[in-house]
Amino acid sequence: MTVCIDQPQSDSEVVENKNYSNNNNNNNNTHELVLDGGFVVPDNVASGGFDAPEINAFGHTFRDYDVESERQKQVEEFYRMNHINQTYEFVKKMREEYKKLDKLEMSIWECCELLNEVVDDSDPDLDEPQIEHLLQTAEAIRKDYPNEDWLHLTALIHDLGKVLLLPRFGELPQWAVVGDTHPLGCAFDESIVHHKYFKENPDVKNHVYQTKNGIYSEGCGLENVMISWGHDDYMYLVAKENGTTLPQAGLFIIRYHSFYPMHRSGAYKHLMNEEDVENLKWLQIFNKYDLYSKSKVRVDVEKVKPYYQSLIQKYFPEKLRW
């Protein structure tokens, strides 16, 4: 693969290489690593794991929601709409509607190609077509975790639910598809981005929803918690209902990778059960690649396509209902 990263690399934030079986083989690697997508991994990355860049494609630090820019104004307006309109009843309605999986039938790779039509207005770090980000993330993980093919595929498909923005999937507004997610039916944690806009959400009038546990019990498990609707939950439904053989950790990553208040700030952990805690470890590994691979990178799609198609065939049926 060849990765051209035109941003400074941070020596302070390196993702730990979990490929235990290959650690000894990598200790003396001083040459440039070239994988099969045209992705050149710099020497320091090849010998020690994924180095996270300090700045995004716009020249700002990652997930900086306060820096003044036109992009940030757009992002803030997105979250204003998201926080006003994402209610418990809205999410319940969306789950019922999209669980029908009656929009169309297509393969995973066909869905990947559809993402060339999508740009995520909620993301302060990226304005490239989504297919670029999927391959950036997948190929970076593939380098550090060569034996975890399920994780490579999870990275490739984790954002496919963003097709909800397209006409054939209902053309939902951005605030109903992308952005950070959070629970409904309990208090909105202060760590949620642009928290101030929740004051206009109708759910604040329900006093039960404004308590720590809300309608839930401690340790009930995230499976039983209503999370704001978006591409995460939709892709989880698509994968599960179509009989994927991805491990539970993969499904957990797909469903909760945008749940930043939990996996980045530690909020809502009182609602998690033991299985959630175990799966969170993989999500936190994945998140470093998901976030910090958002740079000006080009991956040769045709070169990596056969590899990912083989994984799709392994873990999914040929055609899926969407």
# chains A, B, ... in the order shown; residues from 1 in each chain; ligands from 1
call {"tool": "residues_around", "arguments": {"residues": "Glu318 (chain A)", "least_positions_apart": "6", "cutoff": "9 Å", "atoms": "only C-alpha atoms", "output": "PyMOL selection string"}}
result
chain A and resi 106-108+312
call {"tool": "write_last_selection", "arguments": {"atoms": "N, CA and C atoms", "output": "compact mmCIF listing (two decimals), in the first residue's frame"}}
result
# COMPACT_ATOMS: atom_id res chain seq x y z
N MET A 106 -28.06 -4.88 -2.52
CA MET A 106 -26.76 -4.66 -3.17
C MET A 106 -25.67 -5.29 -2.31
N SER A 107 -24.48 -5.37 -2.88
CA SER A 107 -23.34 -5.95 -2.17
C SER A 107 -22.68 -4.89 -1.29
N ILE A 108 -21.81 -5.34 -0.42
CA ILE A 108 -21.03 -4.42 0.42
C ILE A 108 -20.18 -3.51 -0.45
N ILE A 312 -15.16 -9.61 2.35
CA ILE A 312 -16.62 -9.47 2.24
C ILE A 312 -17.26 -10.84 2.00
call {"tool": "closest_residue", "arguments": {"among": "A:Pro173, A:Pro306, A:Gly219, A:Gly250", "to": "Met235 (chain A)", "atoms": "only C-alpha atoms"}}
result
A:Gly250
call {"tool": "residues_around", "arguments": {"residues": "Leu280 (chain A)", "least_positions_apart": "3", "cutoff": "9 Å", "atoms": "only C-alpha atoms", "output": "list in words"}}
result
Ala249, Phe252, Ile253, His263, Glu275, Asp276, Val277, Leu283, Gln284 and Ile285 of chain A
call {"tool": "residues_around", "arguments": {"residues": "Ala267 (chain A)", "least_positions_apart": "2", "cutoff": "12 Å", "atoms": "only C-alpha atoms", "output": "PDB file with N, CA, C and O atoms, in the first residue's frame"}}
result
ATOM      1  N   THR A 181     -22.790  10.370  18.550  1.00  0.00           N
ATOM      2  CA  THR A 181     -24.053   9.852  19.063  1.00  0.00           C
ATOM      3  C   THR A 181     -24.078   9.914  20.586  1.00  0.00           C
ATOM      4  O   THR A 181     -23.041  10.068  21.239  1.00  0.00           O
ATOM      5  N   HIS A 182     -25.269   9.778  21.144  1.00  0.00           N
ATOM      6  CA  HIS A 182     -25.455   9.858  22.590  1.00  0.00           C
ATOM      7  C   HIS A 182     -26.763   9.157  22.951  1.00  0.00           C
ATOM      8  O   HIS A 182     -27.644   8.994  22.107  1.00  0.00           O
ATOM      9  N   PRO A 183     -26.920   8.749  24.211  1.00  0.00           N
ATOM     10  CA  PRO A 183     -28.168   8.087  24.618  1.00  0.00           C
ATOM     11  C   PRO A 183     -29.345   9.055  24.700  1.00  0.00           C
ATOM     12  O   PRO A 183     -29.179  10.248  24.954  1.00  0.00           O
ATOM     13  N   CYS A 186     -32.193   9.423  29.062  1.00  0.00           N
ATOM     14  CA  CYS A 186     -31.483   9.750  30.297  1.00  0.00           C
ATOM     15  C   CYS A 186     -30.782  11.086  30.082  1.00  0.00           C
ATOM     16  O   CYS A 186     -30.848  11.667  28.997  1.00  0.00           O
ATOM     17  N   ALA A 187     -30.106  11.581  31.102  1.00  0.00           N
ATOM     18  CA  ALA A 187     -29.535  12.924  31.053  1.00  0.00           C
ATOM     19  C   ALA A 187     -28.477  13.051  29.958  1.00  0.00           C
ATOM     20  O   ALA A 187     -27.711  12.119  29.691  1.00  0.00           O
ATOM     21  N   PHE A 188     -28.422  14.223  29.317  1.00  0.00           N
ATOM     22  CA  PHE A 188     -27.401  14.520  28.313  1.00  0.00           C
ATOM     23  C   PHE A 188     -26.116  14.916  29.042  1.00  0.00           C
ATOM     24  O   PHE A 188     -26.061  15.936  29.718  1.00  0.00           O
ATOM     25  N   ASP A 189     -25.097  14.100  28.900  1.00  0.00           N
ATOM     26  CA  ASP A 189     -23.839  14.362  29.607  1.00  0.00           C
ATOM     27  C   ASP A 189     -23.158  15.625  29.092  1.00  0.00           C
ATOM     28  O   ASP A 189     -23.210  15.936  27.900  1.00  0.00           O
ATOM     29  N   GLU A 190     -22.486  16.334  29.986  1.00  0.00           N
ATOM     30  CA  GLU A 190     -21.824  17.588  29.630  1.00  0.00           C
ATOM     31  C   GLU A 190     -20.699  17.400  28.615  1.00  0.00           C
ATOM     32  O   GLU A 190     -20.290  18.356  27.961  1.00  0.00           O
ATOM     33  N   SER A 191     -20.187  16.179  28.480  1.00  0.00           N
ATOM     34  CA  SER A 191     -19.083  15.933  27.545  1.00  0.00           C
ATOM     35  C   SER A 191     -19.539  15.924  26.090  1.00  0.00           C
ATOM     36  O   SER A 191     -18.707  15.946  25.177  1.00  0.00           O
ATOM     37  N   ILE A 192     -20.844  15.888  25.835  1.00  0.00           N
ATOM     38  CA  ILE A 192     -21.353  15.848  24.466  1.00  0.00           C
ATOM     39  C   ILE A 192     -21.049  17.171  23.766  1.00  0.00           C
ATOM     40  O   ILE A 192     -21.280  18.248  24.320  1.00  0.00           O
ATOM     41  N   LYS A 212     -29.701  10.641  35.902  1.00  0.00           N
ATOM     42  CA  LYS A 212     -28.502   9.920  35.457  1.00  0.00           C
ATOM     43  C   LYS A 212     -28.846   8.619  34.735  1.00  0.00           C
ATOM     44  O   LYS A 212     -28.361   8.357  33.635  1.00  0.00           O
ATOM     45  N   ASN A 213     -29.659   7.786  35.346  1.00  0.00           N
ATOM     46  CA  ASN A 213     -30.043   6.514  34.734  1.00  0.00           C
ATOM     47  C   ASN A 213     -31.239   6.649  33.806  1.00  0.00           C
ATOM     48  O   ASN A 213     -31.433   5.817  32.922  1.00  0.00           O
ATOM     49  N   PHE A 259     -19.988   7.047  19.268  1.00  0.00           N
ATOM     50  CA  PHE A 259     -20.413   7.311  20.644  1.00  0.00           C
ATOM     51  C   PHE A 259     -19.222   7.862  21.440  1.00  0.00           C
ATOM     52  O   PHE A 259     -18.761   7.274  22.408  1.00  0.00           O
ATOM     53  N   TYR A 260     -18.740   9.026  21.017  1.00  0.00           N
ATOM     54  CA  TYR A 260     -17.563   9.640  21.628  1.00  0.00           C
ATOM     55  C   TYR A 260     -17.735   9.961  23.108  1.00  0.00           C
ATOM     56  O   TYR A 260     -16.762   9.853  23.868  1.00  0.00           O
ATOM     57  N   PRO A 261     -18.898  10.386  23.576  1.00  0.00           N
ATOM     58  CA  PRO A 261     -19.022  10.643  25.012  1.00  0.00           C
ATOM     59  C   PRO A 261     -18.648   9.428  25.861  1.00  0.00           C
ATOM     60  O   PRO A 261     -18.127   9.575  26.962  1.00  0.00           O
ATOM     61  N   MET A 262     -18.895   8.225  25.339  1.00  0.00           N
ATOM     62  CA  MET A 262     -18.570   7.011  26.068  1.00  0.00           C
ATOM     63  C   MET A 262     -17.119   6.604  25.872  1.00  0.00           C
ATOM     64  O   MET A 262     -16.358   6.487  26.831  1.00  0.00           O
ATOM     65  N   HIS A 263     -16.698   6.415  24.617  1.00  0.00           N
ATOM     66  CA  HIS A 263     -15.368   5.834  24.424  1.00  0.00           C
ATOM     67  C   HIS A 263     -14.239   6.853  24.453  1.00  0.00           C
ATOM     68  O   HIS A 263     -13.068   6.485  24.539  1.00  0.00           O
ATOM     69  N   ARG A 264     -14.556   8.144  24.442  1.00  0.00           N
ATOM     70  CA  ARG A 264     -13.516   9.163  24.522  1.00  0.00           C
ATOM     71  C   ARG A 264     -13.530   9.872  25.873  1.00  0.00           C
ATOM     72  O   ARG A 264     -12.486  10.189  26.434  1.00  0.00           O
ATOM     73  N   SER A 265     -14.737  10.108  26.424  1.00  0.00           N
ATOM     74  CA  SER A 265     -14.858  10.878  27.665  1.00  0.00           C
ATOM     75  C   SER A 265     -15.222  10.036  28.878  1.00  0.00           C
ATOM     76  O   SER A 265     -15.194  10.536  30.002  1.00  0.00           O
ATOM     77  N   LYS A 269     -20.704   4.991  31.240  1.00  0.00           N
ATOM     78  CA  LYS A 269     -20.165   3.647  31.474  1.00  0.00           C
ATOM     79  C   LYS A 269     -20.949   2.895  32.541  1.00  0.00           C
ATOM     80  O   LYS A 269     -20.874   1.667  32.627  1.00  0.00           O
ATOM     81  N   HIS A 270     -21.735   3.638  33.344  1.00  0.00           N
ATOM     82  CA  HIS A 270     -22.557   2.973  34.358  1.00  0.00           C
ATOM     83  C   HIS A 270     -23.681   2.153  33.732  1.00  0.00           C
ATOM     84  O   HIS A 270     -24.282   1.302  34.387  1.00  0.00           O
ATOM     85  N   LEU A 271     -23.942   2.382  32.441  1.00  0.00           N
ATOM     86  CA  LEU A 271     -24.976   1.618  31.743  1.00  0.00           C
ATOM     87  C   LEU A 271     -24.417   0.370  31.058  1.00  0.00           C
ATOM     88  O   LEU A 271     -25.171  -0.474  30.575  1.00  0.00           O
ATOM     89  N   MET A 272     -23.104   0.236  30.997  1.00  0.00           N
ATOM     90  CA  MET A 272     -22.471  -0.865  30.284  1.00  0.00           C
ATOM     91  C   MET A 272     -22.489  -2.152  31.108  1.00  0.00           C
ATOM     92  O   MET A 272     -22.458  -2.123  32.334  1.00  0.00           O
TER      93      MET A 272
END
call {"tool": "atom_distance", "arguments": {"atom1": "CA of Gln309 (chain A)", "atom2": "CA of Glu110 (chain A)"}}
result
10.6 Å
call {"tool": "select_by_dssp", "arguments": {"residues": "region 84-303 of chain A", "states": "alpha helix (DSSP H)", "output": "number ranges by chain"}}
result
A: 84-85, 88-98, 108-114, 130-144, 149-157, 231-241, 248-256, 260-263, 274-292, 301-303
call {"tool": "closest_residue", "arguments": {"among": "A:Glu278, A:Asp102, A:Glu132, A:Asp159", "to": "Asn116 (chain A)", "atoms": "only C-alpha atoms"}}
result
A:Glu132
call {"tool": "residues_around", "arguments": {"residues": "Asp180 (chain A)", "least_positions_apart": "4", "cutoff": "10 Å", "atoms": "only C-alpha atoms", "output": "ChimeraX atom specification"}}
result
/A:79,82,122-123,175,192-193,228,230,232,256-261
call {"tool": "write_last_selection", "arguments": {"atoms": "all heavy atoms", "output": "short mmCIF file (atom, residue, chain, number, x, y, z; two decimals), in the first residue's frame"}}
result
data_model
loop_
_atom_site.label_atom_id
_atom_site.label_comp_id
_atom_site.auth_asym_id
_atom_site.auth_seq_id
_atom_site.Cartn_x
_atom_site.Cartn_y
_atom_site.Cartn_z
N TYR A 79 -24.63 20.43 14.72
CA TYR A 79 -24.91 19.91 16.06
C TYR A 79 -26.09 20.62 16.72
O TYR A 79 -26.80 20.02 17.53
CB TYR A 79 -23.65 19.98 16.93
CG TYR A 79 -22.76 18.78 16.70
CD1 TYR A 79 -21.56 18.89 16.01
CD2 TYR A 79 -23.16 17.52 17.14
CE1 TYR A 79 -20.77 17.78 15.77
CE2 TYR A 79 -22.38 16.40 16.91
CZ TYR A 79 -21.18 16.53 16.23
OH TYR A 79 -20.41 15.42 15.98
N ASN A 82 -28.95 18.72 15.31
CA ASN A 82 -28.90 17.36 15.84
C ASN A 82 -29.46 17.32 17.26
O ASN A 82 -30.31 16.48 17.60
CB ASN A 82 -27.46 16.85 15.80
CG ASN A 82 -27.29 15.49 16.45
OD1 ASN A 82 -27.20 15.39 17.66
ND2 ASN A 82 -27.20 14.45 15.62
N SER A 122 -20.71 16.96 9.53
CA SER A 122 -20.46 17.04 10.97
C SER A 122 -18.99 16.93 11.32
O SER A 122 -18.60 17.15 12.46
CB SER A 122 -21.21 15.91 11.70
OG SER A 122 -20.56 14.66 11.49
N ASP A 123 -18.16 16.54 10.36
CA ASP A 123 -16.77 16.20 10.63
C ASP A 123 -15.86 17.41 10.45
O ASP A 123 -15.70 17.90 9.33
CB ASP A 123 -16.34 15.07 9.68
CG ASP A 123 -15.05 14.40 10.13
OD1 ASP A 123 -14.26 15.05 10.83
OD2 ASP A 123 -14.84 13.23 9.76
N TRP A 175 -28.22 15.79 10.14
CA TRP A 175 -28.30 15.63 11.59
C TRP A 175 -28.90 14.29 12.02
O TRP A 175 -28.76 13.88 13.17
CB TRP A 175 -29.10 16.77 12.23
CG TRP A 175 -30.52 16.94 11.77
CD1 TRP A 175 -30.99 17.82 10.85
CD2 TRP A 175 -31.66 16.19 12.22
NE1 TRP A 175 -32.35 17.67 10.69
CE2 TRP A 175 -32.79 16.69 11.52
CE3 TRP A 175 -31.85 15.16 13.15
CZ2 TRP A 175 -34.07 16.18 11.72
CZ3 TRP A 175 -33.13 14.64 13.34
CH2 TRP A 175 -34.22 15.16 12.64
N ILE A 192 -20.84 15.89 25.84
CA ILE A 192 -21.35 15.85 24.47
C ILE A 192 -21.05 17.17 23.77
O ILE A 192 -21.28 18.25 24.32
CB ILE A 192 -22.87 15.57 24.45
CG1 ILE A 192 -23.18 14.23 25.12
CG2 ILE A 192 -23.40 15.59 23.02
CD1 ILE A 192 -24.65 13.95 25.31
N VAL A 193 -20.54 17.10 22.56
CA VAL A 193 -20.15 18.28 21.79
C VAL A 193 -21.32 19.24 21.64
O VAL A 193 -22.45 18.83 21.33
CB VAL A 193 -19.63 17.84 20.40
CG1 VAL A 193 -19.38 19.06 19.51
CG2 VAL A 193 -18.37 17.02 20.55
N SER A 228 -28.88 7.88 19.89
CA SER A 228 -29.34 8.76 18.81
C SER A 228 -29.16 8.08 17.46
O SER A 228 -28.19 7.38 17.22
CB SER A 228 -28.61 10.10 18.86
OG SER A 228 -27.20 9.93 18.85
N GLY A 230 -28.53 7.24 13.56
CA GLY A 230 -27.56 7.64 12.55
C GLY A 230 -26.99 6.46 11.81
O GLY A 230 -27.51 5.35 11.86
N ASP A 232 -24.36 4.70 12.29
CA ASP A 232 -23.84 3.60 13.11
C ASP A 232 -24.90 2.53 13.31
O ASP A 232 -24.70 1.35 13.02
CB ASP A 232 -23.41 4.11 14.49
CG ASP A 232 -22.43 5.25 14.45
OD1 ASP A 232 -22.73 6.26 13.81
OD2 ASP A 232 -21.36 5.14 15.09
N TYR A 256 -21.13 1.62 17.75
CA TYR A 256 -20.81 2.65 18.74
C TYR A 256 -19.57 3.48 18.42
O TYR A 256 -19.10 4.22 19.27
CB TYR A 256 -20.66 2.00 20.12
CG TYR A 256 -21.90 1.27 20.57
CD1 TYR A 256 -21.90 -0.12 20.71
CD2 TYR A 256 -23.08 1.95 20.84
CE1 TYR A 256 -23.04 -0.81 21.11
CE2 TYR A 256 -24.23 1.28 21.23
CZ TYR A 256 -24.20 -0.10 21.37
OH TYR A 256 -25.34 -0.77 21.75
N HIS A 257 -19.07 3.41 17.18
CA HIS A 257 -17.84 4.16 16.90
C HIS A 257 -18.03 5.67 16.96
O HIS A 257 -17.06 6.41 17.14
CB HIS A 257 -17.24 3.73 15.55
CG HIS A 257 -18.03 4.13 14.36
ND1 HIS A 257 -19.02 3.32 13.82
CD2 HIS A 257 -17.99 5.23 13.57
CE1 HIS A 257 -19.53 3.92 12.76
NE2 HIS A 257 -18.94 5.09 12.59
N SER A 258 -19.26 6.15 16.83
CA SER A 258 -19.52 7.59 16.95
C SER A 258 -19.95 7.99 18.36
O SER A 258 -20.23 9.17 18.60
CB SER A 258 -20.60 8.02 15.96
OG SER A 258 -20.21 7.78 14.62
N PHE A 259 -19.99 7.05 19.27
CA PHE A 259 -20.41 7.31 20.64
C PHE A 259 -19.22 7.86 21.44
O PHE A 259 -18.76 7.27 22.41
CB PHE A 259 -20.96 6.00 21.25
CG PHE A 259 -21.66 6.15 22.58
CD1 PHE A 259 -21.91 7.38 23.16
CD2 PHE A 259 -22.10 5.01 23.25
CE1 PHE A 259 -22.55 7.50 24.38
CE2 PHE A 259 -22.76 5.11 24.46
CZ PHE A 259 -22.98 6.34 25.03
N TYR A 260 -18.74 9.03 21.02
CA TYR A 260 -17.56 9.64 21.63
C TYR A 260 -17.74 9.96 23.11
O TYR A 260 -16.76 9.85 23.87
CB TYR A 260 -17.15 10.89 20.86
CG TYR A 260 -16.29 10.58 19.65
CD1 TYR A 260 -16.85 10.29 18.42
CD2 TYR A 260 -14.90 10.56 19.76
CE1 TYR A 260 -16.06 9.99 17.32
CE2 TYR A 260 -14.09 10.25 18.67
CZ TYR A 260 -14.69 9.97 17.45
OH TYR A 260 -13.90 9.66 16.37
N PRO A 261 -18.90 10.39 23.58
CA PRO A 261 -19.02 10.64 25.01
C PRO A 261 -18.65 9.43 25.86
O PRO A 261 -18.13 9.57 26.96
CB PRO A 261 -20.51 11.00 25.17
CG PRO A 261 -20.90 11.55 23.85
CD PRO A 261 -20.13 10.74 22.84
#
call {"tool": "atom_distance", "arguments": {"atom1": "CA of Gln313 (chain A)", "atom2": "CA of Thr154 (chain A)"}}
result
13.3 Å
call {"tool": "residues_around", "arguments": {"residues": "region 84-96 of chain A", "least_positions_apart": "5", "cutoff": "12 Å", "atoms": "only C-alpha atoms", "output": "ChimeraX atom specification"}}
result
/A:77-79,101-102,164,170,172-188,194-206,209,214-215,225-238
call {"tool": "residues_around", "arguments": {"residues": "Ala239 (chain A)", "least_positions_apart": "2", "cutoff": "10 Å", "atoms": "only C-alpha atoms", "output": "VMD selection string"}}
result
chain A and resid 108 157 233 to 237 241 to 246 251 254 315 to 317 320 to 322
call {"tool": "write_last_selection", "arguments": {"atoms": "C-alpha atoms", "output": "PDB file, in the first residue's frame"}}
result
ATOM      1  CA  ILE A 108     -21.032  -4.422   0.425  1.00  0.00           C
ATOM      2  CA  ILE A 157     -17.647  -0.882   6.330  1.00  0.00           C
ATOM      3  CA  ASP A 233     -27.102   2.013  14.189  1.00  0.00           C
ATOM      4  CA  TYR A 234     -28.303   1.598  10.619  1.00  0.00           C
ATOM      5  CA  MET A 235     -25.178  -0.267   9.489  1.00  0.00           C
ATOM      6  CA  TYR A 236     -25.360  -2.405  12.621  1.00  0.00           C
ATOM      7  CA  LEU A 237     -28.929  -3.372  11.716  1.00  0.00           C
ATOM      8  CA  GLU A 241     -30.149  -8.769   9.990  1.00  0.00           C
ATOM      9  CA  ASN A 242     -28.233 -10.021   6.937  1.00  0.00           C
ATOM     10  CA  GLY A 243     -26.474 -12.667   9.018  1.00  0.00           C
ATOM     11  CA  THR A 244     -22.895 -11.389   9.119  1.00  0.00           C
ATOM     12  CA  THR A 245     -20.348 -13.670  10.778  1.00  0.00           C
ATOM     13  CA  LEU A 246     -18.252 -10.759  12.072  1.00  0.00           C
ATOM     14  CA  LEU A 251     -20.559  -5.265  15.478  1.00  0.00           C
ATOM     15  CA  ILE A 254     -19.869  -0.467  13.913  1.00  0.00           C
ATOM     16  CA  TYR A 315     -18.135 -12.515   6.419  1.00  0.00           C
ATOM     17  CA  PHE A 316     -21.200 -11.479   4.394  1.00  0.00           C
ATOM     18  CA  PRO A 317     -23.656 -12.875   1.832  1.00  0.00           C
ATOM     19  CA  LEU A 320     -27.609  -7.673   1.346  1.00  0.00           C
ATOM     20  CA  ARG A 321     -30.975  -6.094   2.063  1.00  0.00           C
ATOM     21  CA  TRP A 322     -30.633  -2.419   2.924  1.00  0.00           C
TER      22      TRP A 322
END
